[in-house]
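> One structure, pasted below without further comment.
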Amino acid sequence: MRTKLAIATLIAVSFAACQSSEPKETTPAPAATAIMPVDSTKSYDIALVNNKKDPACGMPVTAGIADTAHYKDKVLGFCGTACKNEFQKNPDAMIAAAEIK
């Protein structure tokens with residue numbers, strides 16, 4: 001009888017703890033317009049891009065690709081988002097520096 005009473009008490013206490021009215025800490029979901037941080041662990045395989053150099057800064061893509069863009073049926077690799085954004089402002093003027101494979 002004591003065992004049944006102890007189990008019933010344990011269940012009641014556990015249930016009460018789960019139903020606590022204390023607010024739980026939650027992380028709000030980012031707004032649709034929020035700027036998300038760049039994932040510095042993201043990298044791309046150089047075999048997937050058609051350029052040998054970042055067209056904005058001239059860095060070889062073998063040093064690492066942090067972002068990509070499509071341009072005239074080619075996939076271009078960039079060392080970072082800033083270089084990609086600079087290229088997108090005037091791609092025709094910078095494409096020669098990319099050294100397309």
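Every chain in the structure tokens takes a letter, A first, then B, and so on in the order presented; its residues are numbered from 1, and the ligands are numbered from 1 following the presented order.
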For A:Gly58, please output as a ChimeraX atom specification all residues within 10 Å (counting only C-alpha atoms; exclusion window: fewer than 2 positions along the same chain).

/A:52-56,60-61,78-79,83,94,97-99

> Find the residues around A:Thr81 up to 10 Å (only C-alpha atoms counted), leave out those fewer than 2 positions away in its own chain, and share them as a PyMOL selection string.

chain A and resi 38+65-69+78-79+83-87

> Could you tell me how far atom CA of A:Lys72 sits from atom CA of A:Met59, in Å to one decimal place?

21.0 Å

> In Å, rounded to a single decimal, give me how far atom CA of A:Gly80 is from atom CA of A:Val49.

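Value for the atom CA of A:Val49-atom CA of A:Gly80 distance: 14.3 Å.
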
> Which is closest to A:Ala63 among A:Leu76, A:Asn50, A:Ala96, A:Tyr44, if we use only C-alpha atoms?

A:Tyr44

> Between atom CA of A:Ile95 and atom CA of A:Lys74, what distance in Å does the model show, to one decimal?

10.7 Å

> Which residues in stretch 38-89 of chain A does DSSP call strand (DSSP E or B)? List them as a VMD selection string.

chain A and resid 51 53 60 67 to 71 74 to 78
